[in-house]
>>> print(open('entry.cif').read())   # mmCIF, C-alpha atoms
data_input
loop_
_atom_site.group_PDB
_atom_site.id
_atom_site.type_symbol
_atom_site.label_atom_id
_atom_site.label_comp_id
_atom_site.auth_asym_id
_atom_site.auth_seq_id
_atom_site.Cartn_x
_atom_site.Cartn_y
_atom_site.Cartn_z
ATOM 1 C CA MET I 7 52.924 -90.715 10.447
ATOM 2 C CA ALA I 8 55.404 -90.581 13.368
ATOM 3 C CA ALA I 9 57.965 -93.356 13.867
ATOM 4 C CA ALA I 10 57.548 -95.734 16.820
ATOM 5 C CA GLY I 11 60.025 -93.947 19.099
ATOM 6 C CA ASP I 12 59.075 -90.386 18.176
ATOM 7 C CA GLY I 13 56.650 -89.478 20.953
ATOM 8 C CA PRO I 14 52.948 -90.303 20.982
ATOM 9 C CA TRP I 15 51.785 -92.347 18.023
ATOM 10 C CA LEU I 16 49.844 -89.956 15.871
ATOM 11 C CA ASP I 17 48.355 -90.090 12.426
ATOM 12 C CA ASP I 18 47.526 -86.763 10.813
ATOM 13 C CA ALA I 19 44.125 -87.964 9.629
ATOM 14 C CA ALA I 20 43.118 -90.301 12.462
ATOM 15 C CA GLY I 21 44.774 -88.640 15.453
ATOM 16 C CA ARG I 22 46.212 -90.728 18.284
ATOM 17 C CA LEU I 23 46.552 -94.358 17.216
ATOM 18 C CA VAL I 24 46.609 -95.747 20.754
ATOM 19 C CA ARG I 25 43.294 -94.991 22.429
ATOM 20 C CA PRO I 26 43.309 -93.523 25.958
ATOM 21 C CA PHE I 27 41.539 -96.500 27.556
ATOM 22 C CA THR I 28 44.386 -98.681 26.264
ATOM 23 C CA VAL I 29 46.978 -96.436 27.908
ATOM 24 C CA SER I 30 45.275 -96.871 31.301
ATOM 25 C CA ASN I 31 44.643 -100.612 30.769
ATOM 26 C CA GLY I 32 40.919 -99.901 30.907
ATOM 27 C CA ARG I 33 41.095 -98.437 34.417
ATOM 28 C CA THR I 34 38.887 -95.455 35.141
ATOM 29 C CA GLU I 35 39.995 -94.431 38.646
ATOM 30 C CA PRO I 36 43.490 -93.515 39.865
ATOM 31 C CA SER I 37 44.763 -95.185 43.031
ATOM 32 C CA VAL I 38 45.860 -91.787 44.407
ATOM 33 C CA ALA I 39 43.600 -88.738 44.728
ATOM 34 C CA LEU I 40 44.913 -86.092 42.339
ATOM 35 C CA ASP I 41 43.431 -82.702 41.535
ATOM 36 C CA LEU I 42 44.110 -80.976 38.216
ATOM 37 C CA ILE I 43 46.236 -78.405 40.018
ATOM 38 C CA SER I 44 48.047 -80.898 42.242
ATOM 39 C CA GLN I 45 51.801 -80.649 41.824
ATOM 40 C CA VAL I 46 53.778 -83.778 40.903
ATOM 41 C CA MET I 47 57.560 -84.187 40.858
ATOM 42 C CA ALA I 48 59.962 -87.010 40.153
ATOM 43 C CA THR I 49 61.668 -88.461 43.220
ATOM 44 C CA GLY I 50 64.843 -89.428 41.363
ATOM 45 C CA VAL I 51 64.311 -93.128 42.085
ATOM 46 C CA THR I 52 65.315 -95.353 39.162
ATOM 47 C CA PRO I 53 62.438 -97.429 37.767
ATOM 48 C CA LEU I 54 62.869 -101.130 38.535
ATOM 49 C CA GLY I 55 61.023 -102.449 35.501
ATOM 50 C CA TYR I 56 59.852 -101.392 32.090
ATOM 51 C CA LEU I 57 57.777 -98.226 31.886
ATOM 52 C CA GLY I 58 55.376 -97.855 28.992
ATOM 53 C CA PRO I 59 56.004 -94.910 26.664
ATOM 54 C CA GLU I 60 53.324 -92.726 28.251
ATOM 55 C CA HIS I 61 54.584 -93.468 31.781
ATOM 56 C CA ALA I 62 58.150 -92.658 30.688
ATOM 57 C CA GLN I 63 57.034 -89.397 29.047
ATOM 58 C CA ALA I 64 55.068 -88.386 32.135
ATOM 59 C CA LEU I 65 58.028 -89.117 34.393
ATOM 60 C CA ASP I 66 60.298 -87.077 32.137
ATOM 61 C CA LEU I 67 57.890 -84.116 32.303
ATOM 62 C CA CYS I 68 57.966 -84.231 36.113
ATOM 63 C CA ARG I 69 61.676 -83.484 36.609
ATOM 64 C CA ALA I 70 60.542 -80.165 38.089
ATOM 65 C CA PRO I 71 57.229 -79.595 39.921
ATOM 66 C CA VAL I 72 54.396 -79.509 37.414
ATOM 67 C CA SER I 73 50.604 -79.620 37.676
ATOM 68 C CA VAL I 74 48.555 -82.625 36.623
ATOM 69 C CA ALA I 75 46.810 -80.417 34.035
ATOM 70 C CA GLU I 76 50.137 -79.446 32.461
ATOM 71 C CA VAL I 77 51.229 -83.080 32.204
ATOM 72 C CA ALA I 78 47.904 -83.963 30.548
ATOM 73 C CA ALA I 79 48.340 -81.131 28.039
ATOM 74 C CA HIS I 80 51.883 -82.184 27.134
ATOM 75 C CA LEU I 81 50.895 -85.842 26.784
ATOM 76 C CA LYS I 82 47.782 -84.875 24.793
ATOM 77 C CA LEU I 83 45.745 -87.264 26.933
ATOM 78 C CA PRO I 84 42.509 -86.729 28.858
ATOM 79 C CA ALA I 85 43.056 -85.612 32.452
ATOM 80 C CA ALA I 86 41.404 -88.794 33.803
ATOM 81 C CA VAL I 87 43.901 -90.997 31.942
ATOM 82 C CA THR I 88 46.807 -88.782 32.982
ATOM 83 C CA LYS I 89 45.767 -89.063 36.634
ATOM 84 C CA ILE I 90 45.889 -92.863 36.335
ATOM 85 C CA LEU I 91 49.371 -92.764 34.772
ATOM 86 C CA LEU I 92 50.649 -90.391 37.449
ATOM 87 C CA ALA I 93 49.074 -92.482 40.221
ATOM 88 C CA ASP I 94 50.912 -95.526 38.846
ATOM 89 C CA LEU I 95 54.177 -93.587 39.108
ATOM 90 C CA VAL I 96 53.353 -92.478 42.661
ATOM 91 C CA ASP I 97 52.586 -96.099 43.612
ATOM 92 C CA CYS I 98 56.028 -97.133 42.288
ATOM 93 C CA GLY I 99 57.751 -94.396 44.317
ATOM 94 C CA LEU I 100 58.822 -92.517 41.203
ATOM 95 C CA LEU I 101 56.715 -89.396 41.857
ATOM 96 C CA THR I 102 55.667 -87.377 44.854
ATOM 97 C CA THR I 103 52.521 -85.283 44.981
ATOM 98 C CA LYS I 104 51.636 -82.081 46.703
ATOM 99 C CA PRO I 105 48.007 -81.037 46.994
ATOM 100 C CA PRO I 106 47.150 -77.540 45.827
ATOM 101 C CA ALA I 107 47.573 -74.858 48.440
ATOM 102 C CA PHE I 108 44.700 -72.401 48.424
ATOM 103 C CA ARG I 109 44.994 -69.012 50.007
ATOM 104 C CA HIS I 110 41.361 -68.447 49.130
ATOM 105 C CA THR I 111 38.430 -70.748 49.005
ATOM 106 C CA PRO I 112 37.625 -71.714 45.380
ATOM 107 C CA THR I 113 34.303 -69.843 45.644
ATOM 108 C CA ASP I 114 35.803 -66.663 47.093
ATOM 109 C CA ARG I 115 33.992 -63.862 45.237
ATOM 110 C CA SER I 116 37.043 -61.568 45.064
ATOM 111 C CA LEU I 117 39.146 -64.364 43.579
ATOM 112 C CA LEU I 118 36.518 -65.180 40.954
ATOM 113 C CA GLU I 119 36.170 -61.495 40.046
ATOM 114 C CA ALA I 120 39.953 -61.176 39.678
ATOM 115 C CA VAL I 121 40.000 -64.196 37.342
ATOM 116 C CA LEU I 122 37.129 -62.743 35.304
ATOM 117 C CA ASP I 123 38.889 -59.358 35.046
ATOM 118 C CA GLY I 124 42.077 -61.085 33.881
ATOM 119 C CA LEU I 125 40.205 -63.044 31.238
ATOM 120 C CA ARG I 126 38.477 -59.909 29.983
ATOM 121 C CA ARG I 127 41.846 -58.148 29.610
ATOM 122 C CA GLN I 128 43.147 -61.074 27.515
ATOM 123 C CA LEU I 129 40.250 -60.776 25.046
#
>>> encode(input="entry.cif", output="structure tokens")
Amino acid sequence: MAAAGDGPWLDDAAGRLVRPFTVSNGRTEPSVALDLISQVMATGVTPLGYLGPEHAQALDLCRAPVSVAEVAAHLKLPAAVTKILLADLVDCGLLTTKPPAFRHTPTDRSLLEAVLDGLRRQL
């Protein structure tokens, strides 16, 4: 089992010891609209109060622009919980967000075919 200060609390048999709904204080909706591919980045502002371990880890991951999905993967938390954590940091002025910039519409047939071709080459 990992020590208290060694990243997320994990148990090899049980998995994460702190459940995701506890991390978000039971909240289910972020205060800021975030997409999985939205970019987040630390502003460099010093936190005024105590940040929980997950908030501190998320802030540390955002030293350079990173997507919400990447932060969720590194934290090993569901995307919905990660969005709430990141929204908390935005509300405190510790993060800035940038919505995804699309050159194509998400349903653009040529874009979807290019993604499918890329996936086929990986298999």
>>> resolve_selection(input="entry.cif", expression="the PyMOL selection byres ((chain I and resi 69) around 10)", output="PDB file with C-alpha atoms, keeping the file's coordinate frame")
ATOM      1  CA  VAL I  46      53.778 -83.778  40.903  1.00  0.00           C
ATOM      2  CA  MET I  47      57.560 -84.187  40.858  1.00  0.00           C
ATOM      3  CA  ALA I  48      59.962 -87.010  40.153  1.00  0.00           C
ATOM      4  CA  THR I  49      61.668 -88.461  43.220  1.00  0.00           C
ATOM      5  CA  GLY I  50      64.843 -89.428  41.363  1.00  0.00           C
ATOM      6  CA  ALA I  64      55.068 -88.386  32.135  1.00  0.00           C
ATOM      7  CA  LEU I  65      58.028 -89.117  34.393  1.00  0.00           C
ATOM      8  CA  ASP I  66      60.298 -87.077  32.137  1.00  0.00           C
ATOM      9  CA  LEU I  67      57.890 -84.116  32.303  1.00  0.00           C
ATOM     10  CA  CYS I  68      57.966 -84.231  36.113  1.00  0.00           C
ATOM     11  CA  ALA I  70      60.542 -80.165  38.089  1.00  0.00           C
ATOM     12  CA  PRO I  71      57.229 -79.595  39.921  1.00  0.00           C
ATOM     13  CA  VAL I  72      54.396 -79.509  37.414  1.00  0.00           C
ATOM     14  CA  LEU I 101      56.715 -89.396  41.857  1.00  0.00           C
TER      15      LEU I 101
END
>>> residues_around(input="entry.cif", residues="Glu76 of chain I", least_positions_apart="4", cutoff="9 Å", atoms="all atoms listed in the file", output="compact mmCIF listing (two decimals) with C-alpha atoms, keeping the file's coordinate frame")
# COMPACT_ATOMS: atom_id res chain seq x y z
CA LEU I 42 44.11 -80.98 38.22
CA ILE I 43 46.24 -78.40 40.02
CA VAL I 72 54.40 -79.51 37.41
CA HIS I 80 51.88 -82.18 27.13
CA LEU I 81 50.90 -85.84 26.78
>>> residues_near_point(input="entry.cif", point="(53.6, -89.9, 29.0)", cutoff="12 Å", atoms="all atoms listed in the file", output="count of residues only")
37
>>> closest_residue(input="entry.cif", among="I:Pro105, I:Pro53, I:Gly99, I:Ala93", to="Asp41 of chain I", atoms="only C-alpha atoms")
I:Pro105
>>> closest_residue(input="entry.cif", among="I:Ala86, I:Arg127, I:Leu117, I:Leu100", to="Gly55 of chain I", atoms="only C-alpha atoms")
I:Leu100
>>> atom_distance(input="entry.cif", atom1="atom CA of Val51 of chain I", atom2="atom CA of Thr103 of chain I")
14.5 Å
>>> atom_distance(input="entry.cif", atom1="atom CA of Ser44 of chain I", atom2="atom CA of Cys98 of chain I")
18.1 Å
>>> atom_distance(input="entry.cif", atom1="atom CA of Leu118 of chain I", atom2="atom CA of Lys104 of chain I")
23.4 Å
